[in-house]
>>> print(open('upload-v8.txt').read())   # compact mmCIF, C-alpha atoms
# COMPACT_ATOMS: atom_id res chain seq x y z
CA MET F 18 21.32 11.57 -27.29
CA HIS F 19 19.55 14.74 -28.36
CA PRO F 20 15.73 14.85 -28.41
CA GLY F 21 14.40 15.29 -31.89
CA HIS F 22 17.61 14.13 -33.60
CA VAL F 23 16.76 11.03 -35.66
CA ARG F 24 19.08 8.44 -37.12
CA THR F 25 18.22 5.39 -39.15
CA ALA F 26 16.39 2.78 -37.08
CA PRO F 27 18.21 -0.54 -36.63
CA PRO F 28 17.11 -3.27 -39.08
CA THR F 29 15.72 -5.46 -36.31
CA ALA F 30 13.47 -2.68 -35.06
CA ARG F 31 12.25 -2.07 -38.61
CA SER F 32 11.41 -5.76 -39.17
CA TYR F 33 9.34 -5.88 -35.97
CA LEU F 34 6.84 -3.45 -37.45
CA VAL F 35 7.03 -4.04 -41.19
CA THR F 36 6.32 -7.75 -40.82
CA SER F 37 3.44 -7.10 -38.43
CA ALA F 38 -0.08 -6.07 -39.34
CA GLY F 39 -1.15 -2.48 -38.93
CA ARG F 40 -2.11 -2.06 -35.21
CA VAL F 41 0.77 -1.79 -32.74
CA GLY F 42 0.67 -0.85 -29.07
CA LEU F 43 3.64 1.00 -27.60
CA LEU F 44 4.51 0.42 -23.94
CA GLY F 45 7.44 2.56 -22.90
CA GLY F 46 9.36 2.72 -19.65
CA SER F 47 12.49 1.90 -17.71
CA PHE F 48 11.40 -1.70 -17.04
CA ASN F 49 13.61 -1.59 -13.94
CA PRO F 50 12.73 -4.36 -13.58
CA ALA F 51 10.07 -5.68 -15.96
CA HIS F 52 7.36 -7.61 -14.13
CA ALA F 53 4.14 -9.52 -14.67
CA GLY F 54 2.12 -6.29 -14.44
CA HIS F 55 3.68 -5.12 -17.72
CA ARG F 56 2.74 -8.41 -19.33
CA HIS F 57 -0.77 -8.22 -17.91
CA ILE F 58 -1.37 -4.78 -19.45
CA SER F 59 0.06 -5.95 -22.77
CA LEU F 60 -2.20 -9.01 -22.97
CA GLU F 61 -5.22 -6.90 -22.10
CA ALA F 62 -4.23 -4.40 -24.79
CA LEU F 63 -3.86 -7.12 -27.43
CA LYS F 64 -7.35 -8.37 -26.63
CA ARG F 65 -9.33 -5.20 -25.91
CA LEU F 66 -7.73 -2.90 -28.49
CA ARG F 67 -7.48 -5.66 -31.12
CA LEU F 68 -3.80 -5.07 -31.62
CA ASP F 69 -1.48 -7.16 -33.74
CA ARG F 70 1.64 -6.45 -31.69
CA VAL F 71 2.74 -4.75 -28.49
CA LEU F 72 6.20 -3.21 -28.59
CA TRP F 73 7.97 -2.71 -25.26
CA LEU F 74 10.29 0.31 -25.53
CA VAL F 75 12.96 -0.21 -22.89
CA SER F 76 14.22 3.32 -22.25
CA PRO F 77 17.95 4.02 -21.84
CA GLN F 78 16.94 6.46 -19.06
CA ASN F 79 13.56 7.85 -18.03
CA PRO F 80 13.96 11.67 -17.83
CA LEU F 81 11.62 11.77 -14.80
CA LYS F 82 13.47 9.12 -12.79
CA ALA F 83 16.84 9.14 -11.05
CA GLY F 84 19.44 6.81 -12.49
CA ASP F 85 21.01 5.84 -9.17
CA ASP F 86 19.38 2.39 -8.96
CA MET F 87 18.95 1.84 -12.70
CA ALA F 88 20.20 -1.52 -13.98
CA PRO F 89 22.20 -1.50 -17.25
CA LEU F 90 20.06 -1.30 -20.38
CA ALA F 91 21.14 -4.72 -21.67
CA VAL F 92 20.20 -6.36 -18.36
CA ARG F 93 16.79 -4.67 -18.29
CA LYS F 94 16.10 -5.60 -21.90
CA ASP F 95 17.04 -9.28 -21.42
CA ALA F 96 14.94 -9.52 -18.25
CA ALA F 97 12.01 -7.86 -20.03
CA ALA F 98 12.21 -10.40 -22.86
CA ALA F 99 12.08 -13.21 -20.29
CA VAL F 100 9.03 -11.68 -18.61
CA ALA F 101 7.20 -10.93 -21.89
CA ASP F 102 7.49 -14.51 -23.20
CA HIS F 103 4.85 -14.01 -25.90
CA PRO F 104 5.10 -14.11 -29.72
CA ARG F 105 3.14 -10.86 -30.09
CA ILE F 106 5.06 -8.89 -27.43
CA ILE F 107 8.31 -7.53 -28.85
CA VAL F 108 10.99 -6.11 -26.55
CA SER F 109 13.23 -3.42 -28.01
CA SER F 110 15.67 -0.64 -27.10
CA LEU F 111 15.15 1.04 -30.47
CA GLU F 112 15.17 4.54 -28.97
CA ILE F 113 18.96 4.26 -29.12
CA GLY F 114 18.77 3.78 -32.88
CA LEU F 115 16.12 6.48 -33.25
CA GLY F 116 18.22 8.91 -31.25
CA THR F 117 15.25 9.95 -29.11
CA ARG F 118 14.84 10.43 -25.39
CA TYR F 119 11.33 11.80 -24.94
CA THR F 120 8.09 9.98 -25.76
CA ILE F 121 6.82 12.65 -28.13
CA ASP F 122 10.00 12.41 -30.23
CA THR F 123 9.91 8.61 -30.25
CA VAL F 124 6.29 8.52 -31.39
CA ARG F 125 6.91 11.05 -34.17
CA ALA F 126 9.97 9.14 -35.38
CA LEU F 127 8.06 5.85 -35.47
CA LYS F 128 5.13 7.41 -37.33
CA GLN F 129 7.53 8.87 -39.87
CA ARG F 130 9.20 5.51 -40.52
CA PHE F 131 6.03 3.39 -40.46
CA PRO F 132 3.24 5.54 -41.91
CA THR F 133 0.96 2.54 -42.55
CA VAL F 134 1.04 1.37 -38.92
CA ASP F 135 -1.68 2.50 -36.50
CA PHE F 136 0.07 3.05 -33.18
CA VAL F 137 -1.56 3.25 -29.74
CA TRP F 138 0.36 4.50 -26.70
CA LEU F 139 -0.20 2.27 -23.65
CA MET F 140 0.22 3.45 -20.06
CA GLY F 141 -0.87 2.78 -16.50
CA ALA F 142 -3.15 5.13 -14.59
CA ASP F 143 -0.15 6.26 -12.50
CA ASN F 144 1.48 7.72 -15.60
CA LEU F 145 -1.70 9.56 -16.60
CA ARG F 146 -1.54 11.44 -13.29
CA GLN F 147 1.97 12.71 -14.07
CA LEU F 148 1.54 13.02 -17.84
CA SER F 149 1.33 16.83 -17.65
CA ARG F 150 5.00 16.78 -16.56
CA TRP F 151 6.07 15.08 -19.80
CA ARG F 152 7.67 17.16 -22.53
CA GLY F 153 5.16 17.81 -25.29
CA TRP F 154 2.34 15.97 -23.50
CA GLN F 155 -0.45 17.89 -25.22
CA ALA F 156 1.16 17.28 -28.60
CA LEU F 157 1.32 13.57 -27.74
CA PHE F 158 -2.49 13.41 -27.61
CA ARG F 159 -2.56 14.83 -31.15
CA GLU F 160 0.05 12.37 -32.44
CA VAL F 161 -1.23 9.04 -31.14
CA PRO F 162 -4.32 7.59 -29.41
CA ILE F 163 -3.69 6.69 -25.76
CA ALA F 164 -4.98 3.71 -23.76
CA VAL F 165 -4.82 4.08 -19.97
CA PHE F 166 -5.07 0.93 -17.87
CA ALA F 167 -6.28 0.74 -14.27
CA ARG F 168 -3.52 0.44 -11.71
CA ALA F 169 -4.09 0.53 -7.95
CA PRO F 170 -4.29 2.89 -6.16
CA TYR F 171 -4.30 5.47 -8.97
CA HIS F 172 -7.52 4.32 -10.66
CA THR F 173 -9.79 6.03 -8.13
CA ASN F 174 -9.12 9.59 -9.32
CA VAL F 175 -8.09 9.26 -12.96
CA ALA F 176 -10.58 11.92 -14.11
CA SER F 177 -9.03 14.52 -11.79
CA SER F 178 -5.63 14.51 -13.52
CA VAL F 179 -4.60 17.55 -15.55
CA ALA F 180 -4.36 15.52 -18.76
CA ALA F 181 -7.78 13.88 -18.30
CA GLN F 182 -9.44 17.22 -17.69
CA ARG F 183 -7.68 18.92 -20.60
CA PHE F 184 -8.81 16.20 -23.04
CA ALA F 185 -12.10 15.24 -21.39
CA ARG F 186 -14.02 15.60 -24.66
CA ALA F 187 -11.63 13.23 -26.42
CA ARG F 188 -12.30 10.36 -24.01
CA LEU F 189 -13.69 7.16 -25.50
CA ARG F 190 -15.91 4.78 -23.55
CA PRO F 191 -14.16 1.50 -22.53
CA GLU F 192 -16.55 -0.67 -24.53
CA ARG F 193 -15.42 1.17 -27.68
CA SER F 194 -11.68 0.83 -26.99
CA ALA F 195 -11.15 -1.25 -30.13
CA LEU F 196 -11.75 1.98 -32.10
CA LEU F 197 -8.65 3.67 -30.64
CA ALA F 198 -6.20 2.43 -33.29
CA GLY F 199 -6.70 4.54 -36.39
CA GLY F 200 -9.24 6.82 -34.66
CA LYS F 201 -9.49 10.57 -35.19
CA LEU F 202 -7.14 12.40 -32.83
CA PRO F 203 -7.08 13.45 -30.07
CA LEU F 204 -8.53 10.24 -28.64
CA TRP F 205 -7.94 8.33 -25.42
CA CYS F 206 -9.62 5.70 -23.29
CA TYR F 207 -9.47 4.51 -19.69
CA LEU F 208 -9.84 0.75 -19.28
CA PRO F 209 -10.90 -0.50 -15.81
CA ILE F 210 -9.21 -3.88 -16.14
CA ARG F 211 -8.50 -6.29 -13.29
CA ARG F 212 -5.63 -4.62 -11.48
CA HIS F 213 -2.32 -6.41 -11.05
CA PRO F 214 -0.38 -5.95 -7.77
CA ALA F 215 3.15 -6.02 -9.25
CA SER F 216 5.20 -2.84 -8.99
CA ALA F 217 8.78 -2.25 -10.14
CA THR F 218 9.32 0.15 -7.24
CA ALA F 219 8.06 -2.38 -4.71
CA ILE F 220 10.20 -5.14 -6.24
CA ARG F 221 13.33 -2.98 -5.95
CA ARG F 222 12.42 -2.03 -2.37
CA LEU F 223 11.90 -5.67 -1.40
CA ARG F 224 15.16 -6.73 -2.99
CA SER F 225 17.15 -3.93 -1.40
CA SER F 226 15.79 -4.50 2.10
CA MET F 227 16.37 -8.23 1.96
CA GLN F 228 19.88 -7.91 0.57
CA THR F 229 20.73 -5.61 3.48
CA CYS F 230 19.42 -8.19 5.94
CA ILE F 231 21.24 -11.09 4.30
CA ALA F 232 24.52 -9.14 4.32
CA THR F 233 24.44 -9.12 8.13
CA ALA F 234 23.48 -12.78 8.52
CA PRO F 235 25.98 -15.48 9.63
CA ALA F 236 27.83 -17.21 6.81
CA ASP F 237 26.63 -20.65 7.92
CA GLY F 238 22.95 -19.66 7.90
CA PRO F 239 19.98 -22.03 8.07
CA ASN F 240 18.64 -24.17 5.24
CA LEU F 241 15.92 -21.81 4.05
CA THR F 242 14.94 -23.92 1.07
CA GLY F 243 14.52 -26.96 3.28
CA ALA F 244 12.31 -24.98 5.64
CA VAL F 245 10.15 -23.82 2.73
CA ARG F 246 9.83 -27.39 1.43
CA ALA F 247 8.68 -28.60 4.83
CA VAL F 248 6.00 -25.89 5.09
CA LEU F 249 4.70 -26.52 1.57
CA ASP F 250 4.48 -30.23 2.26
CA ASP F 251 2.77 -29.72 5.61
CA MET F 252 0.27 -27.22 4.16
CA LYS F 253 -0.56 -29.48 1.20
CA ALA F 254 0.63 -27.02 -1.44
CA LEU F 255 -0.02 -28.10 -5.02
CA ASP F 256 2.36 -28.58 -7.96
CA VAL F 257 5.55 -27.46 -6.21
CA VAL F 258 8.34 -26.56 -8.65
CA GLU F 259 11.89 -25.69 -7.59
CA ILE F 260 14.24 -23.76 -9.88
CA ASN F 261 17.96 -23.65 -9.17
CA MET F 262 19.17 -20.07 -9.70
CA ARG F 263 22.62 -20.39 -8.08
CA GLY F 264 25.26 -18.48 -10.02
CA LYS F 265 22.75 -17.38 -12.66
CA THR F 266 21.25 -14.28 -11.07
CA ALA F 267 21.72 -12.06 -8.03
CA VAL F 268 18.00 -12.28 -7.27
CA CYS F 269 18.18 -15.55 -5.30
CA ASP F 270 19.72 -19.02 -5.10
CA ASP F 271 16.45 -20.94 -5.28
CA MET F 272 13.04 -20.04 -6.61
CA ILE F 273 10.02 -22.09 -5.60
CA VAL F 274 6.63 -21.88 -7.31
CA ALA F 275 3.57 -23.55 -5.79
CA SER F 276 -0.22 -23.35 -5.83
CA GLY F 277 -3.00 -23.26 -3.30
CA GLY F 278 -6.47 -24.55 -4.04
CA SER F 279 -8.12 -21.21 -3.22
CA GLN F 280 -7.31 -17.66 -2.12
CA ARG F 281 -7.66 -18.69 1.53
CA HIS F 282 -5.35 -21.66 0.99
CA VAL F 283 -2.73 -19.42 -0.66
CA GLN F 284 -2.98 -16.92 2.19
CA ALA F 285 -2.70 -19.66 4.82
CA ILE F 286 0.44 -21.07 3.19
CA ALA F 287 1.95 -17.59 2.97
CA ASP F 288 1.22 -16.88 6.65
CA LYS F 289 2.85 -20.15 7.68
CA LEU F 290 5.93 -19.52 5.54
CA VAL F 291 6.43 -16.09 7.11
CA GLU F 292 6.00 -17.61 10.57
CA VAL F 293 8.63 -20.28 9.89
CA LEU F 294 11.11 -18.08 8.01
CA LYS F 295 11.01 -15.13 10.40
CA PRO F 296 13.21 -16.67 13.12
CA LEU F 297 15.62 -17.97 10.47
CA LEU F 298 16.27 -14.54 8.94
CA PRO F 299 17.64 -11.24 10.27
CA ALA F 300 14.24 -9.63 9.63
CA THR F 301 10.67 -10.55 8.73
CA PRO F 302 10.64 -11.59 5.06
CA PRO F 303 8.90 -9.02 2.82
CA VAL F 304 5.60 -10.17 1.32
CA GLU F 305 3.65 -8.87 -1.70
CA GLY F 306 0.07 -9.71 -2.68
CA ALA F 307 -1.07 -11.38 0.55
CA ALA F 308 -4.25 -9.32 0.79
CA GLN F 309 -5.56 -10.59 -2.56
CA GLY F 310 -4.36 -14.19 -2.29
CA ASP F 311 -4.10 -14.59 -6.07
CA TRP F 312 -0.33 -14.32 -6.31
CA VAL F 313 1.80 -13.96 -3.19
CA LEU F 314 5.55 -13.34 -3.32
CA ILE F 315 7.63 -14.09 -0.23
CA ASP F 316 11.21 -12.86 -0.43
CA GLY F 317 13.40 -14.97 1.81
CA GLY F 318 16.63 -13.60 0.37
CA ASP F 319 18.36 -16.76 -0.84
CA VAL F 320 14.99 -18.34 -1.58
CA ILE F 321 12.01 -16.64 -3.20
CA VAL F 322 8.59 -18.27 -3.09
CA HIS F 323 5.71 -17.56 -5.48
CA LEU F 324 2.29 -18.85 -4.40
CA PHE F 325 -0.61 -18.81 -6.87
CA ARG F 326 -4.18 -19.79 -7.33
CA PRO F 327 -4.04 -22.39 -10.17
CA GLU F 328 -5.77 -20.26 -12.82
CA VAL F 329 -3.55 -17.24 -12.07
CA ARG F 330 -0.47 -19.42 -12.26
CA ALA F 331 -1.56 -20.86 -15.61
CA PHE F 332 -2.04 -17.34 -16.97
CA TYR F 333 1.42 -16.01 -16.03
CA ARG F 334 3.48 -19.21 -16.53
CA LEU F 335 6.15 -17.89 -14.19
CA GLU F 336 8.02 -21.16 -13.76
CA LYS F 337 8.36 -21.55 -17.52
CA MET F 338 9.88 -18.08 -17.79
CA TRP F 339 12.41 -18.60 -14.99
CA SER F 340 13.19 -22.20 -15.96
CA THR F 341 14.09 -20.99 -19.46
CA PHE F 342 16.23 -18.22 -17.94
CA SER F 343 17.99 -20.74 -15.70
CA GLN F 344 18.74 -23.10 -18.59
CA GLU F 345 20.04 -20.31 -20.82
CA HIS F 346 22.43 -19.15 -18.10
CA SER F 347 23.68 -22.58 -17.08
>>> encode(input="upload-v8.txt", output="structure tokens")
Amino acid sequence: MHPGHVRTAPPTARSYLVTSAGRVGLLGGSFNPAHAGHRHISLEALKRLRLDRVLWLVSPQNPLKAGDDMAPLAVRKDAAAAVADHPRIIVSSLEIGLGTRYTIDTVRALKQRFPTVDFVWLMGADNLRQLSRWRGWQALFREVPIAVFARAPYHTNVASSVAAQRFARARLRPERSALLAGGKLPLWCYLPIRRHPASATAIRRLRSSMQTCIATAPADGPNLTGAVRAVLDDMKALDVVEINMRGKTAVCDDMIVASGGSQRHVQAIADKLVEVLKPLLPATPPVEGAAQGDWVLIDGGDVIVHLFRPEVRAFYRLEKMWSTFSQEHS
């Protein structure tokens, strides 16, 4: 692909926008893999920016990232669609049809094809910090309004980034973020939303470390799923759901989703699971989210456990997403 060279967009990509109303958020990235943090930002954008759609642009290859551990585009796109699971979040790889590689070229091509649509570029605070490394980043501010969403730990010094300082006078207050779409350019806004702990980099790191450990484990290893069941029962976990993933994904054999009645209950269950699983595995199972106690992921290799507070679980509907994936790949 050559930046700036534009071919006719695929019909499906065209229908996504033509059939929608006029305010569309664009969330671009590798989605390697897509995770609940992407969905969280998208739902916040729909609400706060009063958007009609959010379009996830799954990039063939991010120019700023190495491709060594990049999953195939089709795999990333399918996984992203499973994570999105929302009628107003559309997952697309339309940059292939557009013939673009860089964000500035993609935005210009979309504006050319859909002149009646008001686009807003969506990004996390981590991307704002490195935005000055993007090709045509200053031109991007003059092509499309930009919404920047809080993401730990980058939210603490957003204003110090090169891009924020360069366009300081174009910054919109968060309470006026609904004015971004269709606003006079340049225009951008930082939204201090509730931060989500999910990170694609952390997910890949967890998966890689655990796969290395499992590769060295005895073939007749322990019943990890049974051990998890026993802990959840003993700790009075709520609404335990087991999803059989054997032969359907390389992520795990079994996925277990459960709730705790409070943050402290979730944290206590997580601590007990780590204590029980540690002697059964070649290494201590990696854990994400334990400090917050809203959503804790424990990666036991063959079994992955997600622990939630009930209201957080209801918001993300993780078991629905993975149950649908499991059925479709049966």
>>> atom_distance(input="upload-v8.txt", atom1="CA of Arg40 (chain F)", atom2="CA of Val137 (chain F)")
7.6 Å
>>> atom_distance(input="upload-v8.txt", atom1="CA of Asp251 (chain F)", atom2="CA of Cys269 (chain F)")
23.6 Å
>>> residues_around(input="upload-v8.txt", residues="Val165 (chain F)", least_positions_apart="2", cutoff="8 Å", atoms="only C-alpha atoms", output="tab-separated table (two decimals) with C-alpha atoms, keeping the file's coordinate frame")
chain	number	residue	atom	x	y	z
F	139	LEU	CA	-0.20	2.27	-23.65
F	140	MET	CA	0.22	3.45	-20.06
F	141	GLY	CA	-0.87	2.78	-16.50
F	142	ALA	CA	-3.15	5.13	-14.59
F	145	LEU	CA	-1.70	9.56	-16.60
F	163	ILE	CA	-3.69	6.69	-25.76
F	167	ALA	CA	-6.28	0.74	-14.27
F	205	TRP	CA	-7.94	8.33	-25.42
F	206	CYS	CA	-9.62	5.70	-23.29
F	207	TYR	CA	-9.47	4.51	-19.69
F	208	LEU	CA	-9.84	0.75	-19.28
>>> closest_atom_pairs(input="upload-v8.txt", of="region 79-139 of chain F", to="region 324-341 of chain F", cutoff="9 Å", atoms="only C-alpha atoms", output="tab-separated table")
residue	atom	partner	partner_atom	distance
F:Ala99	CA	F:Met338	CA	5.9
F:Val100	CA	F:Met338	CA	6.5
F:Ala101	CA	F:Met338	CA	8.7
F:Asp102	CA	F:Met338	CA	6.9
>>> residues_around(input="upload-v8.txt", residues="Arg183 (chain F)", least_positions_apart="3", cutoff="12 Å", atoms="only C-alpha atoms", output="list in words")
Leu145, Leu148, Ser149, Trp154, Gln155, Phe158, Ala176, Ser177, Ser178, Val179, Ala180, Arg186, Ala187, Arg188, Pro203, Leu204 and Trp205 of chain F
>>> write_last_selection(input="upload-v8.txt", atoms="C-alpha atoms", output="mmCIF file, keeping the file's coordinate frame")
data_model
loop_
_atom_site.group_PDB
_atom_site.id
_atom_site.type_symbol
_atom_site.label_atom_id
_atom_site.label_comp_id
_atom_site.auth_asym_id
_atom_site.auth_seq_id
_atom_site.Cartn_x
_atom_site.Cartn_y
_atom_site.Cartn_z
ATOM 1 C CA LEU F 145 -1.700 9.560 -16.600
ATOM 2 C CA LEU F 148 1.540 13.020 -17.840
ATOM 3 C CA SER F 149 1.330 16.830 -17.650
ATOM 4 C CA TRP F 154 2.340 15.970 -23.500
ATOM 5 C CA GLN F 155 -0.450 17.890 -25.220
ATOM 6 C CA PHE F 158 -2.490 13.410 -27.610
ATOM 7 C CA ALA F 176 -10.580 11.920 -14.110
ATOM 8 C CA SER F 177 -9.030 14.520 -11.790
ATOM 9 C CA SER F 178 -5.630 14.510 -13.520
ATOM 10 C CA VAL F 179 -4.600 17.550 -15.550
ATOM 11 C CA ALA F 180 -4.360 15.520 -18.760
ATOM 12 C CA ARG F 186 -14.020 15.600 -24.660
ATOM 13 C CA ALA F 187 -11.630 13.230 -26.420
ATOM 14 C CA ARG F 188 -12.300 10.360 -24.010
ATOM 15 C CA PRO F 203 -7.080 13.450 -30.070
ATOM 16 C CA LEU F 204 -8.530 10.240 -28.640
ATOM 17 C CA TRP F 205 -7.940 8.330 -25.420
#
>>> closest_residue(input="upload-v8.txt", among="F:Ala198, F:Asp319, F:Asn49, F:Arg281", to="Thr133 (chain F)", atoms="all atoms listed in the file")
F:Ala198
>>> atom_distance(input="upload-v8.txt", atom1="CA of Glu192 (chain F)", atom2="CA of Arg159 (chain F)")
21.9 Å
>>> decode(input="upload-v8.txt", residues="region 280-300 of chain F", atoms="N, CA, C and O atoms", output="PDB file, in the first residue's frame")
ATOM      1  N   GLN F 280     -15.670  -5.096  46.006  1.00  0.00           N
ATOM      2  CA  GLN F 280     -14.273  -5.089  45.591  1.00  0.00           C
ATOM      3  C   GLN F 280     -13.429  -5.979  46.494  1.00  0.00           C
ATOM      4  O   GLN F 280     -12.574  -6.732  46.017  1.00  0.00           O
ATOM      5  N   ARG F 281     -13.673  -5.919  47.800  1.00  0.00           N
ATOM      6  CA  ARG F 281     -12.881  -6.720  48.739  1.00  0.00           C
ATOM      7  C   ARG F 281     -13.143  -8.212  48.536  1.00  0.00           C
ATOM      8  O   ARG F 281     -12.214  -9.027  48.651  1.00  0.00           O
ATOM      9  N   HIS F 282     -14.387  -8.557  48.217  1.00  0.00           N
ATOM     10  CA  HIS F 282     -14.712  -9.961  47.956  1.00  0.00           C
ATOM     11  C   HIS F 282     -13.988 -10.441  46.695  1.00  0.00           C
ATOM     12  O   HIS F 282     -13.405 -11.536  46.665  1.00  0.00           O
ATOM     13  N   VAL F 283     -14.016  -9.628  45.636  1.00  0.00           N
ATOM     14  CA  VAL F 283     -13.324  -9.978  44.396  1.00  0.00           C
ATOM     15  C   VAL F 283     -11.834 -10.161  44.664  1.00  0.00           C
ATOM     16  O   VAL F 283     -11.213 -11.137  44.210  1.00  0.00           O
ATOM     17  N   GLN F 284     -11.241  -9.244  45.400  1.00  0.00           N
ATOM     18  CA  GLN F 284      -9.809  -9.323  45.699  1.00  0.00           C
ATOM     19  C   GLN F 284      -9.473 -10.546  46.536  1.00  0.00           C
ATOM     20  O   GLN F 284      -8.446 -11.200  46.318  1.00  0.00           O
ATOM     21  N   ALA F 285     -10.349 -10.882  47.484  1.00  0.00           N
ATOM     22  CA  ALA F 285     -10.112 -12.054  48.333  1.00  0.00           C
ATOM     23  C   ALA F 285     -10.166 -13.342  47.508  1.00  0.00           C
ATOM     24  O   ALA F 285      -9.343 -14.257  47.700  1.00  0.00           O
ATOM     25  N   ILE F 286     -11.133 -13.420  46.593  1.00  0.00           N
ATOM     26  CA  ILE F 286     -11.224 -14.609  45.730  1.00  0.00           C
ATOM     27  C   ILE F 286      -9.980 -14.714  44.858  1.00  0.00           C
ATOM     28  O   ILE F 286      -9.406 -15.802  44.691  1.00  0.00           O
ATOM     29  N   ALA F 287      -9.560 -13.589  44.305  1.00  0.00           N
ATOM     30  CA  ALA F 287      -8.376 -13.587  43.440  1.00  0.00           C
ATOM     31  C   ALA F 287      -7.135 -14.050  44.213  1.00  0.00           C
ATOM     32  O   ALA F 287      -6.337 -14.860  43.712  1.00  0.00           O
ATOM     33  N   ASP F 288      -6.961 -13.528  45.418  1.00  0.00           N
ATOM     34  CA  ASP F 288      -5.805 -13.925  46.235  1.00  0.00           C
ATOM     35  C   ASP F 288      -5.808 -15.423  46.512  1.00  0.00           C
ATOM     36  O   ASP F 288      -4.763 -16.089  46.454  1.00  0.00           O
ATOM     37  N   LYS F 289      -6.979 -15.965  46.797  1.00  0.00           N
ATOM     38  CA  LYS F 289      -7.082 -17.398  47.090  1.00  0.00           C
ATOM     39  C   LYS F 289      -6.798 -18.237  45.848  1.00  0.00           C
ATOM     40  O   LYS F 289      -6.124 -19.280  45.932  1.00  0.00           O
ATOM     41  N   LEU F 290      -7.281 -17.788  44.700  1.00  0.00           N
ATOM     42  CA  LEU F 290      -7.037 -18.526  43.461  1.00  0.00           C
ATOM     43  C   LEU F 290      -5.536 -18.569  43.152  1.00  0.00           C
ATOM     44  O   LEU F 290      -5.003 -19.622  42.777  1.00  0.00           O
ATOM     45  N   VAL F 291      -4.863 -17.450  43.316  1.00  0.00           N
ATOM     46  CA  VAL F 291      -3.416 -17.424  43.069  1.00  0.00           C
ATOM     47  C   VAL F 291      -2.703 -18.358  44.031  1.00  0.00           C
ATOM     48  O   VAL F 291      -1.792 -19.109  43.641  1.00  0.00           O
ATOM     49  N   GLU F 292      -3.130 -18.346  45.296  1.00  0.00           N
ATOM     50  CA  GLU F 292      -2.517 -19.212  46.305  1.00  0.00           C
ATOM     51  C   GLU F 292      -2.676 -20.686  45.946  1.00  0.00           C
ATOM     52  O   GLU F 292      -1.729 -21.478  46.097  1.00  0.00           O
ATOM     53  N   VAL F 293      -3.859 -21.057  45.455  1.00  0.00           N
ATOM     54  CA  VAL F 293      -4.124 -22.463  45.129  1.00  0.00           C
ATOM     55  C   VAL F 293      -3.468 -22.872  43.812  1.00  0.00           C
ATOM     56  O   VAL F 293      -2.934 -23.989  43.685  1.00  0.00           O
ATOM     57  N   LEU F 294      -3.472 -21.977  42.819  1.00  0.00           N
ATOM     58  CA  LEU F 294      -2.944 -22.328  41.505  1.00  0.00           C
ATOM     59  C   LEU F 294      -1.418 -22.322  41.456  1.00  0.00           C
ATOM     60  O   LEU F 294      -0.817 -23.045  40.661  1.00  0.00           O
ATOM     61  N   LYS F 295      -0.805 -21.519  42.283  1.00  0.00           N
ATOM     62  CA  LYS F 295       0.655 -21.349  42.227  1.00  0.00           C
ATOM     63  C   LYS F 295       1.416 -22.671  42.316  1.00  0.00           C
ATOM     64  O   LYS F 295       2.308 -22.931  41.490  1.00  0.00           O
ATOM     65  N   PRO F 296       1.088 -23.546  43.269  1.00  0.00           N
ATOM     66  CA  PRO F 296       1.850 -24.812  43.322  1.00  0.00           C
ATOM     67  C   PRO F 296       1.492 -25.786  42.201  1.00  0.00           C
ATOM     68  O   PRO F 296       2.195 -26.773  41.994  1.00  0.00           O
ATOM     69  N   LEU F 297       0.396 -25.516  41.488  1.00  0.00           N
ATOM     70  CA  LEU F 297      -0.031 -26.411  40.413  1.00  0.00           C
ATOM     71  C   LEU F 297       0.560 -26.017  39.065  1.00  0.00           C
ATOM     72  O   LEU F 297       0.411 -26.758  38.083  1.00  0.00           O
ATOM     73  N   LEU F 298       1.210 -24.861  38.992  1.00  0.00           N
ATOM     74  CA  LEU F 298       1.726 -24.335  37.741  1.00  0.00           C
ATOM     75  C   LEU F 298       3.243 -24.163  37.830  1.00  0.00           C
ATOM     76  O   LEU F 298       3.802 -24.082  38.923  1.00  0.00           O
ATOM     77  N   PRO F 299       3.909 -24.059  36.679  1.00  0.00           N
ATOM     78  CA  PRO F 299       5.359 -23.864  36.689  1.00  0.00           C
ATOM     79  C   PRO F 299       5.779 -22.508  37.241  1.00  0.00           C
ATOM     80  O   PRO F 299       6.943 -22.312  37.591  1.00  0.00           O
ATOM     81  N   ALA F 300       4.831 -21.548  37.277  1.00  0.00           N
ATOM     82  CA  ALA F 300       5.153 -20.212  37.784  1.00  0.00           C
ATOM     83  C   ALA F 300       3.886 -19.596  38.356  1.00  0.00           C
ATOM     84  O   ALA F 300       2.772 -20.075  38.109  1.00  0.00           O
TER      85      ALA F 300
END
